[in-house]
file target.tsv (TSV, C-alpha atoms)
chain	number	residue	atom	x	y	z
A	30	MET	CA	52.67	-49.64	-56.72
A	31	ASP	CA	55.26	-52.16	-57.97
A	32	ASP	CA	56.77	-49.47	-60.23
A	33	VAL	CA	57.08	-47.08	-57.29
A	34	ILE	CA	58.77	-49.74	-55.16
A	35	PHE	CA	61.15	-50.64	-58.00
A	36	LEU	CA	62.12	-46.97	-58.48
A	37	TYR	CA	62.55	-46.53	-54.72
A	38	ASP	CA	64.81	-49.60	-54.54
A	39	GLN	CA	66.82	-48.41	-57.53
A	40	ALA	CA	67.30	-44.94	-56.01
A	41	ILE	CA	68.39	-46.50	-52.69
A	42	GLU	CA	70.85	-48.81	-54.45
A	43	HIS	CA	72.53	-45.88	-56.18
A	44	ILE	CA	72.50	-43.75	-53.04
A	45	VAL	CA	74.45	-46.54	-51.34
A	46	ARG	CA	76.93	-46.70	-54.21
A	47	LEU	CA	77.41	-42.92	-54.28
A	48	HIS	CA	77.79	-42.83	-50.50
A	49	GLY	CA	80.43	-45.56	-50.76
A	50	PHE	CA	82.22	-43.63	-53.48
A	51	CYS	CA	82.22	-40.48	-51.31
A	52	SER	CA	83.84	-42.55	-48.55
A	53	SER	CA	86.60	-43.95	-50.78
A	54	LYS	CA	89.94	-42.32	-51.45
A	55	ARG	CA	91.99	-41.93	-54.56
A	56	ARG	CA	95.18	-44.03	-54.60
A	57	ASP	CA	94.31	-46.04	-51.50
A	58	LEU	CA	95.49	-49.43	-52.77
A	59	GLY	CA	99.15	-48.81	-52.00
A	60	ASP	CA	101.88	-48.84	-54.62
A	61	ALA	CA	99.88	-50.52	-57.39
A	62	GLY	CA	101.02	-47.93	-59.98
A	63	ASP	CA	99.19	-48.20	-63.28
A	64	VAL	CA	96.67	-50.65	-61.83
A	65	GLN	CA	95.80	-48.09	-59.15
A	66	ASP	CA	95.29	-45.46	-61.86
A	67	ASP	CA	92.98	-47.86	-63.73
A	68	VAL	CA	91.03	-48.59	-60.53
A	69	ASP	CA	90.60	-44.87	-59.86
A	70	SER	CA	89.53	-44.19	-63.46
A	71	VAL	CA	86.96	-46.99	-63.44
A	72	ALA	CA	85.68	-45.87	-60.02
A	73	ASP	CA	85.11	-42.38	-61.43
A	74	LEU	CA	83.29	-43.78	-64.47
A	75	LEU	CA	81.10	-46.01	-62.31
A	76	ALA	CA	80.30	-43.10	-60.00
A	77	LYS	CA	79.19	-41.02	-62.98
A	78	ARG	CA	77.00	-43.86	-64.23
A	79	ASP	CA	75.53	-44.35	-60.76
A	80	LEU	CA	74.91	-40.62	-60.53
A	81	LEU	CA	72.93	-40.63	-63.78
A	82	THR	CA	70.91	-43.69	-62.82
A	83	PHE	CA	70.29	-42.28	-59.34
A	84	SER	CA	69.10	-38.95	-60.76
A	85	ALA	CA	66.73	-40.55	-63.27
A	86	SER	CA	65.41	-43.06	-60.72
A	87	LEU	CA	64.80	-40.45	-58.04
A	88	ARG	CA	63.03	-38.11	-60.45
A	89	ASN	CA	60.94	-40.99	-61.86
A	90	PHE	CA	60.14	-42.12	-58.32
A	91	ALA	CA	58.93	-38.62	-57.45
A	92	GLU	CA	56.71	-38.56	-60.52
A	93	ALA	CA	55.30	-42.05	-59.86
A	94	ALA	CA	54.72	-41.23	-56.17
A	95	LYS	CA	53.14	-37.87	-57.06
A	96	ALA	CA	55.80	-36.10	-55.01
A	97	VAL	CA	57.40	-33.81	-57.59
A	98	GLN	CA	56.33	-30.74	-55.60
A	99	GLU	CA	58.29	-32.03	-52.60
A	100	LEU	CA	61.31	-32.57	-54.87
A	101	ARG	CA	60.99	-28.97	-56.04
A	102	GLN	CA	60.80	-27.63	-52.46
A	103	LEU	CA	64.00	-29.21	-51.13
A	104	ARG	CA	67.06	-27.03	-51.62
A	105	VAL	CA	70.61	-28.14	-52.39
A	106	SER	CA	73.48	-25.76	-51.62
A	107	THR	CA	75.86	-25.06	-54.46
A	108	CYS	CA	79.59	-24.47	-54.12
A	109	LYS	CA	82.29	-22.45	-55.80
A	110	LEU	CA	85.88	-23.51	-56.32
A	111	ILE	CA	88.82	-21.76	-54.73
A	112	ALA	CA	91.31	-20.54	-57.30
A	113	PRO	CA	94.13	-21.33	-57.37
A	114	PRO	CA	93.32	-24.73	-55.86
A	115	GLN	CA	94.11	-24.93	-52.16
A	116	PRO	CA	92.47	-26.65	-49.21
A	117	PRO	CA	89.53	-26.83	-48.67
A	118	TYR	CA	89.30	-26.41	-52.52
A	119	PHE	CA	85.71	-25.14	-52.44
A	120	VAL	CA	83.35	-23.03	-50.35
A	121	ASP	CA	79.59	-22.71	-50.10
A	122	SER	CA	78.39	-20.24	-52.74
A	123	GLY	CA	75.44	-19.08	-50.67
A	124	GLU	CA	73.10	-20.12	-53.49
A	125	THR	CA	70.77	-23.09	-53.76
A	126	LEU	CA	68.92	-25.04	-56.41
A	127	SER	CA	65.90	-27.26	-55.94
A	128	LEU	CA	66.59	-30.96	-55.77
A	129	TYR	CA	64.53	-31.29	-58.95
A	130	GLN	CA	66.78	-28.77	-60.74
A	131	VAL	CA	69.93	-30.57	-59.61
A	132	LEU	CA	68.64	-33.94	-60.81
A	133	SER	CA	67.62	-32.42	-64.15
A	134	ARG	CA	71.03	-30.81	-64.61
A	135	ILE	CA	72.74	-34.12	-63.91
A	136	ILE	CA	70.49	-35.98	-66.34
A	137	HIS	CA	70.98	-33.38	-69.10
A	138	SER	CA	74.65	-32.61	-68.47
A	139	HIS	CA	77.15	-32.76	-71.29
A	140	THR	CA	80.01	-32.43	-68.82
A	141	ALA	CA	80.21	-34.21	-65.48
A	142	SER	CA	83.33	-34.22	-63.34
A	143	ILE	CA	83.86	-35.69	-59.92
A	144	LEU	CA	86.57	-34.07	-57.81
A	145	ARG	CA	87.73	-35.75	-54.62
A	146	SER	CA	91.40	-34.94	-54.15
A	147	SER	CA	93.90	-32.15	-54.67
A	148	TYR	CA	94.97	-34.00	-57.83
A	149	ASP	CA	91.47	-33.58	-59.34
A	150	PHE	CA	91.26	-29.88	-58.50
A	151	HIS	CA	94.73	-29.16	-59.92
A	152	LEU	CA	93.97	-31.23	-63.03
A	153	LEU	CA	90.80	-29.21	-63.58
A	154	VAL	CA	92.66	-25.89	-63.70
A	155	ALA	CA	95.92	-27.00	-65.38
A	156	LYS	CA	96.31	-25.05	-68.61
A	157	THR	CA	99.87	-25.74	-69.68
A	158	GLU	CA	101.89	-28.92	-69.99
A	159	VAL	CA	104.19	-27.70	-67.23
A	160	GLU	CA	101.21	-27.33	-64.87
A	161	LEU	CA	99.80	-30.68	-65.98
A	162	PHE	CA	103.03	-32.60	-65.50
A	163	SER	CA	103.78	-30.99	-62.12
A	164	ILE	CA	100.58	-32.37	-60.58
A	165	PRO	CA	101.82	-35.95	-59.99
A	166	SER	CA	104.85	-34.70	-58.05
A	167	GLN	CA	102.66	-32.90	-55.50
A	168	PRO	CA	101.39	-34.78	-52.45
A	169	ILE	CA	97.76	-35.78	-52.93
A	170	THR	CA	95.41	-34.60	-50.21
A	171	GLU	CA	91.84	-35.76	-49.86
A	172	SER	CA	88.85	-33.48	-50.21
A	173	GLU	CA	85.14	-33.87	-49.85
A	174	THR	CA	83.73	-35.27	-53.10
A	175	ILE	CA	82.50	-32.47	-55.33
A	176	LEU	CA	80.33	-32.83	-58.42
A	177	LEU	CA	80.71	-30.42	-61.31
A	178	VAL	CA	78.06	-30.60	-64.07
A	179	GLN	CA	77.24	-28.40	-67.03
A	180	THR	CA	74.33	-28.50	-69.45
A	181	GLU	CA	73.86	-26.69	-72.74
A	182	GLN	CA	71.48	-24.21	-71.10
A	183	ASP	CA	72.82	-23.85	-67.54
A	184	PRO	CA	76.07	-22.56	-66.12
A	185	VAL	CA	78.46	-24.91	-64.36
A	186	THR	CA	76.81	-26.34	-61.25
A	187	ILE	CA	79.10	-27.39	-58.41
A	188	LEU	CA	77.87	-29.21	-55.32
A	189	ALA	CA	79.05	-31.55	-52.60
A	190	LEU	CA	78.02	-35.09	-53.52
A	191	ARG	CA	77.48	-36.11	-49.87
A	192	ASN	CA	75.07	-33.18	-49.46
A	193	LEU	CA	73.11	-34.33	-52.51
A	194	VAL	CA	72.87	-37.84	-51.07
A	195	GLN	CA	71.68	-36.48	-47.70
A	196	ILE	CA	69.02	-34.26	-49.31
A	197	ALA	CA	67.82	-37.20	-51.42
A	198	CYS	CA	67.46	-39.30	-48.25
A	199	SER	CA	65.51	-36.49	-46.57
A	200	PHE	CA	63.18	-36.55	-49.58
A	201	LEU	CA	62.78	-40.33	-49.66
A	202	GLU	CA	62.05	-40.76	-45.95
A	203	PRO	CA	58.68	-38.97	-45.70
A	204	VAL	CA	57.52	-39.96	-49.19
A	205	SER	CA	58.29	-43.64	-48.70
A	206	ALA	CA	56.70	-43.57	-45.22
A	207	ARG	CA	53.57	-41.98	-46.69
A	208	LEU	CA	53.43	-44.73	-49.33
A	209	HIS	CA	54.33	-47.44	-46.78
A	210	ILE	CA	57.23	-48.62	-48.92
A	211	ILE	CA	59.67	-49.15	-46.09
A	212	GLN	CA	58.85	-52.36	-44.31
A	213	ARG	CA	60.79	-52.27	-41.07
A	214	GLY	CA	62.76	-55.45	-40.54
A	215	ASP	CA	62.32	-56.73	-44.11
A	216	ARG	CA	65.15	-54.61	-45.52
call {"tool": "encode", "arguments": {"input": "target.tsv", "output": "structure tokens"}}
result
Amino acid sequence: MDDVIFLYDQAIEHIVRLHGFCSSKRRDLGDAGDVQDDVDSVADLLAKRDLLTFSASLRNFAEAAKAVQELRQLRVSTCKLIAPPQPPYFVDSGETLSLYQVLSRIIHSHTASILRSSYDFHLLVAKTEVELFSIPSQPITESETILLVQTEQDPVTILALRNLVQIACSFLEPVSARLHIIQRGDR
């Protein structure tokens, strides 16, 4: 049971971090210039690391709690990007994957991108130097945080990170209650 509790705590920790990342904005430290760029770059790297740890922890928790079937039953909506990039930058694709499939794709991805502003969406589609260098001159608008992952075997998977966090919470609630992991008042 200690392993299950450890994996639950680890999944919760990374859900909190990912939720915090979804709530943050690019370039929100004022006129810090290069330092702001470094902060944003490190935030993106940390979010990717948290995403990997979260995915592995949640999947391992499901296996240890004998709840993999529940993980396979929950559905996560996928998205598609709007081209050329314009608000809202993405729409629901009408397709879903199981939470288990999403976690597996994150774990096995060779490409993972996090998009959370107009800058990110324009950077993703820039093909020429002119397009690339025109991005900084455009006003940056915020967007919901989108995750784009690709594995060797699967096509690009695009989903809203906040939706993934919410679905993970809806998985953890009944499973942890069944296992009596959550001790009201102690957390």
call {"tool": "closest_atom_pairs", "arguments": {"input": "target.tsv", "of": "range 106-173 of chain A", "to": "range 79-93 of chain A", "cutoff": "9 Å", "atoms": "all atoms listed in the file", "output": "Markdown table"}}
result
| residue | atom | partner | partner_atom | distance |
| --- | --- | --- | --- | --- |
| A:Tyr129 | CA | A:Arg88 | CA | 7.1 |
| A:Val131 | CA | A:Ser84 | CA | 8.5 |
| A:Leu132 | CA | A:Ser84 | CA | 5.0 |
| A:Ser133 | CA | A:Ser84 | CA | 7.5 |
| A:Ile135 | CA | A:Leu81 | CA | 6.5 |
| A:Ile136 | CA | A:Leu81 | CA | 5.8 |
call {"tool": "write_last_selection", "arguments": {"input": "target.tsv", "atoms": "C-alpha atoms", "output": "JSON list (two decimals), keeping the file's coordinate frame"}}
result
[["chain", "number", "residue", "atom", "x", "y", "z"],
["A", 129, "TYR", "CA", 64.53, -31.29, -58.95],
["A", 131, "VAL", "CA", 69.93, -30.57, -59.61],
["A", 132, "LEU", "CA", 68.64, -33.94, -60.81],
["A", 133, "SER", "CA", 67.62, -32.42, -64.15],
["A", 135, "ILE", "CA", 72.74, -34.12, -63.91],
["A", 136, "ILE", "CA", 70.49, -35.98, -66.34]]
call {"tool": "residues_around", "arguments": {"input": "target.tsv", "residues": "His139 in chain A", "least_positions_apart": "5", "cutoff": "12 Å", "atoms": "only C-alpha atoms", "output": "mmCIF file with C-alpha atoms, in the frame of the given file"}}
result
data_model
loop_
_atom_site.group_PDB
_atom_site.id
_atom_site.type_symbol
_atom_site.label_atom_id
_atom_site.label_comp_id
_atom_site.auth_asym_id
_atom_site.auth_seq_id
_atom_site.Cartn_x
_atom_site.Cartn_y
_atom_site.Cartn_z
ATOM 1 C CA LYS A 77 79.190 -41.020 -62.980
ATOM 2 C CA LEU A 81 72.930 -40.630 -63.780
ATOM 3 C CA SER A 133 67.620 -32.420 -64.150
ATOM 4 C CA ARG A 134 71.030 -30.810 -64.610
ATOM 5 C CA LEU A 177 80.710 -30.420 -61.310
ATOM 6 C CA VAL A 178 78.060 -30.600 -64.070
ATOM 7 C CA GLN A 179 77.240 -28.400 -67.030
ATOM 8 C CA THR A 180 74.330 -28.500 -69.450
ATOM 9 C CA GLU A 181 73.860 -26.690 -72.740
ATOM 10 C CA GLN A 182 71.480 -24.210 -71.100
ATOM 11 C CA ASP A 183 72.820 -23.850 -67.540
ATOM 12 C CA PRO A 184 76.070 -22.560 -66.120
ATOM 13 C CA VAL A 185 78.460 -24.910 -64.360
ATOM 14 C CA THR A 186 76.810 -26.340 -61.250
#
call {"tool": "residues_around", "arguments": {"input": "target.tsv", "residues": "Ser53 in chain A", "least_positions_apart": "5", "cutoff": "10 Å", "atoms": "only C-alpha atoms", "output": "list in words"}}
result
Leu47, His48, Asp69, Ala72, Arg145, Glu171 and Thr174 of chain A
call {"tool": "residues_near_point", "arguments": {"input": "target.tsv", "point": "(73.8, -37.4, -50.9)", "cutoff": "10 Å", "atoms": "all atoms listed in the file", "output": "PyMOL selection string"}}
result
chain A and resi 44-45+47-48+51+105+189-199
call {"tool": "atom_distance", "arguments": {"input": "target.tsv", "atom1": "CA of Leu110 in chain A", "atom2": "CA of Ala76 in chain A"}}
result
20.7 Å
call {"tool": "residues_around", "arguments": {"input": "target.tsv", "residues": "Ser106 in chain A", "least_positions_apart": "5", "cutoff": "9 Å", "atoms": "all atoms listed in the file", "output": "VMD selection string"}}
result
chain A and resid 121 to 127 187 to 189 192 to 193
call {"tool": "write_last_selection", "arguments": {"input": "target.tsv", "atoms": "C-alpha atoms", "output": "mmCIF file, in the frame of the given file"}}
result
data_model
loop_
_atom_site.group_PDB
_atom_site.id
_atom_site.type_symbol
_atom_site.label_atom_id
_atom_site.label_comp_id
_atom_site.auth_asym_id
_atom_site.auth_seq_id
_atom_site.Cartn_x
_atom_site.Cartn_y
_atom_site.Cartn_z
ATOM 1 C CA ASP A 121 79.590 -22.710 -50.100
ATOM 2 C CA SER A 122 78.390 -20.240 -52.740
ATOM 3 C CA GLY A 123 75.440 -19.080 -50.670
ATOM 4 C CA GLU A 124 73.100 -20.120 -53.490
ATOM 5 C CA THR A 125 70.770 -23.090 -53.760
ATOM 6 C CA LEU A 126 68.920 -25.040 -56.410
ATOM 7 C CA SER A 127 65.900 -27.260 -55.940
ATOM 8 C CA ILE A 187 79.100 -27.390 -58.410
ATOM 9 C CA LEU A 188 77.870 -29.210 -55.320
ATOM 10 C CA ALA A 189 79.050 -31.550 -52.600
ATOM 11 C CA ASN A 192 75.070 -33.180 -49.460
ATOM 12 C CA LEU A 193 73.110 -34.330 -52.510
#
